[in-house]
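Single-structure report; data block below.
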Amino acid sequence: MRRSLLSVLALSLVSYVFFCTVRAEDNASGGEKTEPVPDTLAEDLGFQTEVYSQDSFDPDRNTVNLLNHMIVLSEEIEQSPNGRLLAEEVYSSLHENIRFEAVDASVKAQLDGFLETIGSLRMLAGKKDKAEEILRHNQALVLDAVVDEPVALLTYARPFDLIDIAASGFNGPLDSSQLYTAFENQVDPYYLQEGMALRKEEHQLLSEKRNELIQYRNDFIKSRNLPAEYAIGEEAVNLYAECRNNRNASQRIQFLEENRDTWSQYPGYWALYAQSCFEAEEYKKCLDSVYRYEQLSGHVYIKDHVYAELIPSAIGALMETVSVTDRRVKEIARLNEQLIRNTETEDWALRYFAAHAYLEISRASDNPYLKPVYLNNAYVIMKSAVTYLAEEQRNSNRAYMQEIVPVLAPSGASAAEKKEIRDYNRLLKEDRKTALPPVSKALLVSVDLLNPLMEKTGADEKEKQSVNEILHKSGQPLFLNAVYEGLYKDGLIAQLSGDAVTFDKKKVSVPAEYLSGDYAITVTVHHGDLKYIFNDWTVDEIVRENTDDSSTFTARLTSKDNSHFRYGENMQVTVEVIPVTAVEYEPVTVIYRTVPSKIFFFFDSVNLELIN
């Protein structure tokens, strides 16, 4: 996990959210101090409501739960075709994230050994960064598709459809490998997929570690006289991992319900059951399972990421099952606090959901003191997310402009590892040849929500200047893409000049600073009554005239369909370029006609002559 100034901002955000909520409720009750949000719904269902107090956990039970969790995770990694990616996520979720006061001290050695084993399976740093980029990009695409225009949402004309956001799957299962296929970029699939599967010796290593953990867990249960049902057999673990990998929610529910006696003491069981029930639209069961997870979780994790990923489903289920507005608002507020508490600053998508949840309860609440507090909480959350994402965008800008630094094989690397590193460095160079200036879709989505929130909360000029400094730190451009930079700096969309677009029958050339990943280019050829359309243009190379100035970079694009076309006389060729389709942009049109010419004075050919 990152440990930086942004982490400090995250802690400040949590403290601020808690302070605002308590302060407003004190005012609402005439100054009498109360709990921030009463947990009436959970209490009514018979569940323990304060699961995070220091005296609410049983170290022995927590120890068994943690051991069971490591055993299950080792099996899931071994079964996954993208085991190395999953190992990366598992390592990140456990490393420096355990409250050792909540477990038996002896388990630390087992955790360290498990992390050492998992750490040996982790990806190359560059692959890890690209995987995170893919995850952010796809989360942003999903959220952009299911969330209405933020400005329209802030009119409070109707409730926000939180259930649609939760159901969009942006928080996803732990193994996010399926996101590869959705990544809209020109990266060779080998760039990520090669080397994701575990080798035979790594499977053996995981199996040995799992057996060691099982033996230690069984001995621990026996030595502490704990119930025998706390121990989960290896065959059950294997079947459970298969269940998790099953994409069919109804089939997962069937398996989980049939095996409840085996797994009912394992918190992860209730997390998987809750998510499955939400996908199957069994919302009451989903809520019940989330509360059972809270009851069993035992305060083991500093940041409980499993719990955090459950909360959007729980809030979506609340929207469908609890009709009493006051109770729904209070319970969403309680869960939202836990969502912020159990996420990192970089978990921007979950916090984006939290901001929308605060917007919903601000709209729905009858409490005049809490309405502006909830609205302000949404603003503070998004400002923190934008701060993090803007810095990530600047890092991407710097990397794009710098020379590629090849990865060096560590001493003692195996032949297979050395080959993976050589291939990775080769593909990194190939990717650079066609890479357009980076644009973080996650940042765009977040800023699009932050701006109307800033207006709705009545931010003064000083606060607006603060946000401007976050986006354009020390006057630096936020985007190397001219269209987005103009839009998010001055509100003006930079216009591509037709003079800058050229076509030579084989390649379309466009200044690279104007193109984003969603460009649209069409070449239409008219020959009498016939018309030929070519729209499969992809970047073939980026020519960097001045390596220090991205405005001098030219994108040259080719079309497979056009490459087979023979141009003849008396044809009109129209080239239309929309550099960014996500914004309203008039197509830039360049028109040519074919004129006869000679090659070496012998062979007939045609050239293109510019008309406009």
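Ordering of the structure tokens sets the chain letters (A, B, ...), residue numbers begin anew at 1 in every chain, and ligands are numbered from 1 in the order given.
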Per-residue nearest contacts of stretch 284-336 of chain A to stretch 62-82 of chain A (9 Å; only C-alpha atoms) as a Markdown table:
```
| residue | atom | partner | partner_atom | distance |
| --- | --- | --- | --- | --- |
| A:Leu296 | CA | A:Asn62 | CA | 8.4 |
| A:Ser297 | CA | A:Asn62 | CA | 7.6 |
| A:Gly298 | CA | A:Asn62 | CA | 6.1 |
| A:His299 | CA | A:Asn62 | CA | 8.3 |
| A:Val300 | CA | A:Asn62 | CA | 6.7 |
```
Write a file of the selected residues as a PDB file, in the first residue's frame, keeping all heavy atoms.
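File produced: selection_1.pdb:
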```pdb
ATOM      1  N   LEU A 296     -18.760 -11.197  12.697  1.00  0.00           N
ATOM      2  CA  LEU A 296     -17.668 -12.161  12.793  1.00  0.00           C
ATOM      3  C   LEU A 296     -16.296 -11.570  12.472  1.00  0.00           C
ATOM      4  O   LEU A 296     -15.275 -12.194  12.763  1.00  0.00           O
ATOM      5  CB  LEU A 296     -17.925 -13.324  11.827  1.00  0.00           C
ATOM      6  CG  LEU A 296     -19.081 -14.265  12.146  1.00  0.00           C
ATOM      7  CD1 LEU A 296     -19.285 -15.239  10.996  1.00  0.00           C
ATOM      8  CD2 LEU A 296     -18.813 -15.027  13.438  1.00  0.00           C
ATOM      9  N   SER A 297     -16.256 -10.397  11.868  1.00  0.00           N
ATOM     10  CA  SER A 297     -14.996  -9.894  11.316  1.00  0.00           C
ATOM     11  C   SER A 297     -13.937  -9.633  12.378  1.00  0.00           C
ATOM     12  O   SER A 297     -12.744  -9.764  12.110  1.00  0.00           O
ATOM     13  CB  SER A 297     -15.236  -8.632  10.490  1.00  0.00           C
ATOM     14  OG  SER A 297     -15.822  -7.632  11.294  1.00  0.00           O
ATOM     15  N   GLY A 298     -14.349  -9.214  13.556  1.00  0.00           N
ATOM     16  CA  GLY A 298     -13.439  -9.181  14.697  1.00  0.00           C
ATOM     17  C   GLY A 298     -12.336  -8.158  14.692  1.00  0.00           C
ATOM     18  O   GLY A 298     -11.342  -8.332  15.406  1.00  0.00           O
ATOM     19  N   HIS A 299     -12.438  -7.117  13.876  1.00  0.00           N
ATOM     20  CA  HIS A 299     -11.454  -6.028  13.964  1.00  0.00           C
ATOM     21  C   HIS A 299     -10.030  -6.511  13.698  1.00  0.00           C
ATOM     22  O   HIS A 299      -9.070  -6.057  14.315  1.00  0.00           O
ATOM     23  CB  HIS A 299     -11.555  -5.410  15.363  1.00  0.00           C
ATOM     24  CG  HIS A 299     -10.959  -4.034  15.463  1.00  0.00           C
ATOM     25  ND1 HIS A 299     -11.251  -3.039  14.596  1.00  0.00           N
ATOM     26  CD2 HIS A 299     -10.075  -3.505  16.365  1.00  0.00           C
ATOM     27  CE1 HIS A 299     -10.578  -1.944  14.958  1.00  0.00           C
ATOM     28  NE2 HIS A 299      -9.856  -2.207  16.012  1.00  0.00           N
ATOM     29  N   VAL A 300      -9.871  -7.471  12.790  1.00  0.00           N
ATOM     30  CA  VAL A 300      -8.557  -8.032  12.512  1.00  0.00           C
ATOM     31  C   VAL A 300      -7.737  -7.101  11.616  1.00  0.00           C
ATOM     32  O   VAL A 300      -6.525  -6.992  11.771  1.00  0.00           O
ATOM     33  CB  VAL A 300      -8.694  -9.415  11.837  1.00  0.00           C
ATOM     34  CG1 VAL A 300      -7.340  -9.948  11.377  1.00  0.00           C
ATOM     35  CG2 VAL A 300      -9.349 -10.397  12.793  1.00  0.00           C
TER      36      VAL A 300
END
```
With a distance cut-off of 9 Å and only C-alpha atoms, select the neighbouring residues of stretch 475-490 of chain A, excluding the residue or stretch itself and same-chain residues fewer than 6 positions from it, and output the selection as a ChimeraX atom specification. /A:390-391,393-394,397,436-440,444,447,468-469,496,512-516,550-551,579-580,583
Put those residues in a file: N, CA, C and O atoms, as a short mmCIF file (atom, residue, chain, number, x, y, z; two decimals), in the first residue's frame.
```
data_model
loop_
_atom_site.label_atom_id
_atom_site.label_comp_id
_atom_site.auth_asym_id
_atom_site.auth_seq_id
_atom_site.Cartn_x
_atom_site.Cartn_y
_atom_site.Cartn_z
N ALA A 390 -5.03 13.35 -9.61
CA ALA A 390 -4.31 14.39 -10.35
C ALA A 390 -2.80 14.16 -10.25
O ALA A 390 -2.07 14.34 -11.23
N GLU A 391 -2.33 13.75 -9.09
CA GLU A 391 -0.90 13.46 -8.93
C GLU A 391 -0.52 12.24 -9.77
O GLU A 391 0.56 12.21 -10.39
N GLN A 393 -1.95 11.40 -12.55
CA GLN A 393 -1.94 11.87 -13.94
C GLN A 393 -0.62 12.57 -14.25
O GLN A 393 -0.02 12.36 -15.31
N ARG A 394 -0.14 13.40 -13.33
CA ARG A 394 1.14 14.08 -13.55
C ARG A 394 2.29 13.07 -13.63
O ARG A 394 3.23 13.24 -14.44
N ASN A 397 2.18 11.67 -17.03
CA ASN A 397 2.72 12.64 -17.99
C ASN A 397 4.24 12.59 -18.03
O ASN A 397 4.87 12.57 -19.09
N LEU A 436 -0.43 7.22 -27.16
CA LEU A 436 -0.90 8.60 -27.17
C LEU A 436 -0.70 9.22 -25.80
O LEU A 436 -0.53 8.50 -24.80
N PRO A 437 -0.71 10.54 -25.68
CA PRO A 437 -0.59 11.17 -24.36
C PRO A 437 -1.63 10.60 -23.39
O PRO A 437 -2.79 10.42 -23.77
N PRO A 438 -1.23 10.30 -22.16
CA PRO A 438 -2.14 9.62 -21.22
C PRO A 438 -3.26 10.53 -20.74
O PRO A 438 -3.06 11.73 -20.52
N VAL A 439 -4.44 9.95 -20.60
CA VAL A 439 -5.60 10.64 -20.02
C VAL A 439 -6.26 9.69 -19.04
O VAL A 439 -6.72 8.62 -19.43
N SER A 440 -6.31 10.07 -17.77
CA SER A 440 -6.93 9.23 -16.74
C SER A 440 -8.44 9.42 -16.78
O SER A 440 -8.96 10.48 -16.41
N LEU A 444 -11.12 12.19 -14.92
CA LEU A 444 -12.18 12.92 -15.59
C LEU A 444 -13.52 12.72 -14.89
O LEU A 444 -14.26 13.68 -14.64
N VAL A 447 -13.45 14.59 -11.44
CA VAL A 447 -13.54 16.06 -11.55
C VAL A 447 -14.95 16.46 -11.98
O VAL A 447 -15.48 17.48 -11.52
N ASN A 468 -8.14 24.50 -8.01
CA ASN A 468 -7.39 24.81 -9.22
C ASN A 468 -5.92 24.48 -9.07
O ASN A 468 -5.28 23.97 -10.00
N GLU A 469 -5.38 24.72 -7.88
CA GLU A 469 -3.97 24.41 -7.62
C GLU A 469 -3.76 22.90 -7.58
O GLU A 469 -2.71 22.40 -7.99
N LEU A 496 -8.74 21.41 -33.26
CA LEU A 496 -7.76 20.88 -34.19
C LEU A 496 -7.92 21.56 -35.54
O LEU A 496 -9.03 21.65 -36.08
N ALA A 512 -0.47 14.40 -32.27
CA ALA A 512 -0.79 13.41 -31.23
C ALA A 512 -1.45 14.06 -30.01
O ALA A 512 -2.24 13.42 -29.31
N GLU A 513 -1.15 15.33 -29.75
CA GLU A 513 -1.69 15.98 -28.56
C GLU A 513 -3.21 16.16 -28.62
O GLU A 513 -3.84 16.45 -27.61
N TYR A 514 -3.80 15.98 -29.81
CA TYR A 514 -5.25 16.15 -29.93
C TYR A 514 -6.01 14.83 -29.79
O TYR A 514 -7.21 14.83 -29.57
N LEU A 515 -5.32 13.71 -29.95
CA LEU A 515 -6.02 12.43 -29.96
C LEU A 515 -6.08 11.81 -28.57
O LEU A 515 -5.08 11.77 -27.85
N SER A 516 -7.26 11.31 -28.23
CA SER A 516 -7.41 10.50 -27.04
C SER A 516 -7.77 9.09 -27.48
O SER A 516 -7.96 8.83 -28.67
N SER A 550 5.66 17.70 -26.23
CA SER A 550 4.65 16.77 -26.76
C SER A 550 3.80 17.40 -27.86
O SER A 550 3.16 16.68 -28.64
N SER A 551 3.79 18.73 -27.96
CA SER A 551 3.00 19.37 -29.01
C SER A 551 3.61 19.13 -30.39
O SER A 551 2.98 19.40 -31.41
N PRO A 579 -11.18 14.03 -32.70
CA PRO A 579 -10.05 13.62 -31.85
C PRO A 579 -10.47 13.03 -30.51
O PRO A 579 -9.79 12.16 -29.99
N VAL A 580 -11.61 13.51 -29.97
CA VAL A 580 -12.11 13.00 -28.68
C VAL A 580 -13.62 12.87 -28.80
O VAL A 580 -14.32 13.88 -28.90
N VAL A 583 -16.38 14.27 -25.81
CA VAL A 583 -16.83 15.65 -25.68
C VAL A 583 -17.49 16.05 -27.00
O VAL A 583 -17.32 15.38 -28.03
#
```
Close residues, A:Asp219 itself excluded, 12 Å, only C-alpha atoms, min 4 positions apart in chain, as a ChimeraX atom specification: /A:64,67,212-215,223-226,228,230-231
Just to be explicit: take each residue in the selection above, keep N, CA, C and O atoms, and write the result as a compact mmCIF listing (two decimals), in the first residue's frame.
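Saved the output as selection-v2.txt:
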```
# COMPACT_ATOMS: atom_id res chain seq x y z
N VAL A 64 -8.05 -17.98 14.27
CA VAL A 64 -8.53 -19.05 13.39
C VAL A 64 -9.09 -18.47 12.10
O VAL A 64 -8.85 -19.00 11.00
N LEU A 67 -6.22 -17.49 9.86
CA LEU A 67 -5.58 -18.68 9.29
C LEU A 67 -6.46 -19.29 8.19
O LEU A 67 -5.96 -19.67 7.13
N GLU A 212 1.02 -26.42 5.67
CA GLU A 212 1.63 -25.92 6.90
C GLU A 212 0.63 -25.08 7.70
O GLU A 212 0.52 -25.22 8.93
N LEU A 213 -0.12 -24.24 7.00
CA LEU A 213 -1.12 -23.41 7.67
C LEU A 213 -2.25 -24.27 8.25
O LEU A 213 -2.73 -24.01 9.36
N ILE A 214 -2.67 -25.29 7.50
CA ILE A 214 -3.73 -26.17 7.99
C ILE A 214 -3.29 -26.88 9.27
O ILE A 214 -4.04 -26.96 10.24
N GLN A 215 -2.06 -27.38 9.27
CA GLN A 215 -1.56 -28.08 10.46
C GLN A 215 -1.47 -27.14 11.65
O GLN A 215 -1.87 -27.49 12.77
N SER A 223 -5.22 -26.78 20.95
CA SER A 223 -4.56 -26.26 22.16
C SER A 223 -5.43 -25.28 22.92
O SER A 223 -5.28 -25.12 24.14
N ARG A 224 -6.36 -24.60 22.22
CA ARG A 224 -7.21 -23.62 22.88
C ARG A 224 -8.61 -24.16 23.17
O ARG A 224 -9.48 -23.41 23.59
N ASN A 225 -8.83 -25.44 22.90
CA ASN A 225 -10.13 -26.07 23.14
C ASN A 225 -11.27 -25.33 22.44
O ASN A 225 -12.34 -25.11 23.01
N LEU A 226 -11.01 -24.94 21.19
CA LEU A 226 -12.02 -24.23 20.42
C LEU A 226 -12.93 -25.25 19.71
O LEU A 226 -12.56 -26.41 19.53
N ALA A 228 -14.64 -27.64 17.17
CA ALA A 228 -14.04 -28.35 16.04
C ALA A 228 -14.50 -27.79 14.70
O ALA A 228 -13.77 -27.85 13.71
N TYR A 230 -14.62 -24.91 13.71
CA TYR A 230 -13.79 -23.80 13.24
C TYR A 230 -12.79 -24.27 12.18
O TYR A 230 -12.34 -23.48 11.35
N ALA A 231 -12.41 -25.56 12.23
CA ALA A 231 -11.44 -26.09 11.27
C ALA A 231 -12.16 -26.49 9.99
O ALA A 231 -13.13 -27.25 10.02
```
When DSSP works through the backbone of this structure, what residues of stretch 354-554 of chain A end up as helix (DSSP H, G or I), shown as a ChimeraX atom specification? /A:354-364,370-401,415-434,441-456,461-471,473-475,482-489,498-500,512-514,550-552
Those selected residues, please, written with C-alpha atoms and delivered as a JSON list (two decimals), in the first residue's frame.
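Result file follows (result-v5.json):
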```
[["chain", "number", "residue", "atom", "x", "y", "z"],
["A", 354, "ALA", "CA", -19.50, 6.94, -0.97],
["A", 355, "ALA", "CA", -19.83, 10.48, -2.33],
["A", 356, "HIS", "CA", -22.96, 9.50, -4.25],
["A", 357, "ALA", "CA", -24.36, 7.82, -1.14],
["A", 358, "TYR", "CA", -23.85, 11.03, 0.84],
["A", 359, "LEU", "CA", -25.55, 12.96, -1.95],
["A", 360, "GLU", "CA", -28.53, 10.63, -1.75],
["A", 361, "ILE", "CA", -28.98, 10.94, 2.02],
["A", 362, "SER", "CA", -28.45, 14.69, 1.83],
["A", 363, "ARG", "CA", -31.35, 14.81, -0.61],
["A", 364, "ALA", "CA", -33.51, 12.39, 1.39],
["A", 370, "LEU", "CA", -27.43, 17.02, 8.59],
["A", 371, "LYS", "CA", -28.39, 17.78, 4.97],
["A", 372, "PRO", "CA", -25.50, 20.24, 4.39],
["A", 373, "VAL", "CA", -23.13, 18.03, 6.40],
["A", 374, "TYR", "CA", -23.78, 15.05, 4.15],
["A", 375, "LEU", "CA", -23.37, 17.24, 1.07],
["A", 376, "ASN", "CA", -20.09, 18.63, 2.37],
["A", 377, "ASN", "CA", -18.88, 15.12, 3.17],
["A", 378, "ALA", "CA", -19.42, 14.19, -0.48],
["A", 379, "TYR", "CA", -17.37, 17.21, -1.53],
["A", 380, "VAL", "CA", -14.50, 16.44, 0.86],
["A", 381, "ILE", "CA", -14.35, 12.83, -0.34],
["A", 382, "MET", "CA", -14.16, 13.85, -3.99],
["A", 383, "LYS", "CA", -11.58, 16.54, -3.35],
["A", 384, "SER", "CA", -9.35, 13.93, -1.72],
["A", 385, "ALA", "CA", -9.87, 11.50, -4.62],
["A", 386, "VAL", "CA", -9.10, 14.19, -7.20],
["A", 387, "THR", "CA", -5.93, 15.18, -5.29],
["A", 388, "TYR", "CA", -4.67, 11.60, -5.55],
["A", 389, "LEU", "CA", -5.73, 11.05, -9.17],
["A", 390, "ALA", "CA", -4.31, 14.39, -10.35],
["A", 391, "GLU", "CA", -0.90, 13.46, -8.93],
["A", 392, "GLU", "CA", -1.15, 10.08, -10.66],
["A", 393, "GLN", "CA", -1.94, 11.87, -13.94],
["A", 394, "ARG", "CA", 1.14, 14.08, -13.55],
["A", 395, "ASN", "CA", 3.25, 10.98, -12.89],
["A", 396, "SER", "CA", 1.88, 9.44, -16.10],
["A", 397, "ASN", "CA", 2.72, 12.64, -17.99],
["A", 398, "ARG", "CA", 6.32, 12.55, -16.76],
["A", 399, "ALA", "CA", 6.69, 8.87, -17.63],
["A", 400, "TYR", "CA", 5.32, 9.51, -21.13],
["A", 401, "MET", "CA", 7.89, 12.23, -21.79],
["A", 415, "ALA", "CA", 15.94, -18.48, -17.00],
["A", 416, "ALA", "CA", 12.13, -18.15, -17.19],
["A", 417, "GLU", "CA", 12.23, -14.92, -15.15],
["A", 418, "LYS", "CA", 14.99, -13.48, -17.33],
["A", 419, "LYS", "CA", 12.98, -14.28, -20.46],
["A", 420, "GLU", "CA", 9.89, -12.61, -18.99],
["A", 421, "ILE", "CA", 11.89, -9.47, -18.23],
["A", 422, "ARG", "CA", 13.44, -9.40, -21.73],
["A", 423, "ASP", "CA", 10.01, -9.79, -23.32],
["A", 424, "TYR", "CA", 8.56, -7.16, -21.02],
["A", 425, "ASN", "CA", 11.26, -4.62, -21.94],
["A", 426, "ARG", "CA", 10.73, -5.34, -25.65],
["A", 427, "LEU", "CA", 6.99, -4.86, -25.41],
["A", 428, "LEU", "CA", 7.44, -1.72, -23.33],
["A", 429, "LYS", "CA", 9.40, -0.19, -26.19],
["A", 430, "GLU", "CA", 6.82, -1.32, -28.74],
["A", 431, "ASP", "CA", 4.03, 0.16, -26.66],
["A", 432, "ARG", "CA", 5.85, 3.50, -26.45],
["A", 433, "LYS", "CA", 6.02, 3.69, -30.24],
["A", 434, "THR", "CA", 2.22, 3.94, -30.49],
["A", 441, "LYS", "CA", -10.60, 8.42, -17.22],
["A", 442, "ALA", "CA", -10.87, 8.04, -13.44],
["A", 443, "LEU", "CA", -9.70, 11.64, -12.99],
["A", 444, "LEU", "CA", -12.18, 12.92, -15.59],
["A", 445, "VAL", "CA", -15.10, 11.15, -13.90],
["A", 446, "SER", "CA", -14.04, 12.44, -10.48],
["A", 447, "VAL", "CA", -13.54, 16.06, -11.55],
["A", 448, "ASP", "CA", -16.92, 15.96, -13.29],
["A", 449, "LEU", "CA", -18.50, 15.22, -9.92],
["A", 450, "LEU", "CA", -16.25, 17.51, -7.86],
["A", 451, "ASN", "CA", -17.03, 20.66, -9.86],
["A", 452, "PRO", "CA", -20.82, 20.69, -9.34],
["A", 453, "LEU", "CA", -20.31, 19.68, -5.71],
["A", 454, "MET", "CA", -18.03, 22.68, -5.25],
["A", 455, "GLU", "CA", -20.78, 24.94, -6.58],
["A", 456, "LYS", "CA", -23.51, 23.22, -4.56],
["A", 461, "GLU", "CA", -12.95, 31.88, -4.19],
["A", 462, "LYS", "CA", -10.20, 30.68, -1.87],
["A", 463, "GLU", "CA", -11.54, 27.12, -1.99],
["A", 464, "LYS", "CA", -11.93, 27.27, -5.77],
["A", 465, "GLN", "CA", -8.34, 28.44, -6.05],
["A", 466, "SER", "CA", -7.30, 25.51, -3.85],
["A", 467, "VAL", "CA", -8.97, 23.05, -6.25],
["A", 468, "ASN", "CA", -7.39, 24.81, -9.22],
["A", 469, "GLU", "CA", -3.97, 24.41, -7.62],
["A", 470, "ILE", "CA", -4.66, 20.70, -7.11],
["A", 471, "LEU", "CA", -5.48, 20.32, -10.79],
["A", 473, "LYS", "CA", -0.03, 22.38, -9.60],
["A", 474, "SER", "CA", 2.40, 25.30, -9.94],
["A", 475, "GLY", "CA", 0.91, 26.06, -13.32],
["A", 482, "ALA", "CA", -4.76, 19.58, -25.66],
["A", 483, "VAL", "CA", -8.52, 18.95, -25.81],
["A", 484, "TYR", "CA", -8.86, 17.85, -22.19],
["A", 485, "GLU", "CA", -6.33, 20.38, -20.94],
["A", 486, "GLY", "CA", -8.34, 23.25, -22.41],
["A", 487, "LEU", "CA", -11.62, 21.82, -21.17],
["A", 488, "TYR", "CA", -10.46, 21.35, -17.57],
["A", 489, "LYS", "CA", -8.36, 24.49, -17.33],
["A", 498, "GLY", "CA", -7.69, 21.02, -40.68],
["A", 499, "ASP", "CA", -4.28, 22.15, -41.93],
["A", 500, "ALA", "CA", -2.68, 19.83, -39.35],
["A", 512, "ALA", "CA", -0.79, 13.41, -31.23],
["A", 513, "GLU", "CA", -1.69, 15.98, -28.56],
["A", 514, "TYR", "CA", -5.25, 16.15, -29.93],
["A", 550, "SER", "CA", 4.65, 16.77, -26.76],
["A", 551, "SER", "CA", 3.00, 19.37, -29.01],
["A", 552, "THR", "CA", 5.50, 18.36, -31.73]]
```
Work out how far apart atom CA of A:Arg593 and atom CA of A:Phe503 are and give it in Å to one decimal. 11.3 Å
With only C-alpha atoms as the basis for distance, which of A:Gln139, A:Asn612, A:Thr589, A:Ser276 is at the shortest distance from A:Trp348?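 Of A:Gln139, A:Asn612, A:Thr589, A:Ser276, the one nearest A:Trp348 is A:Gln139, counting only C-alpha atoms.
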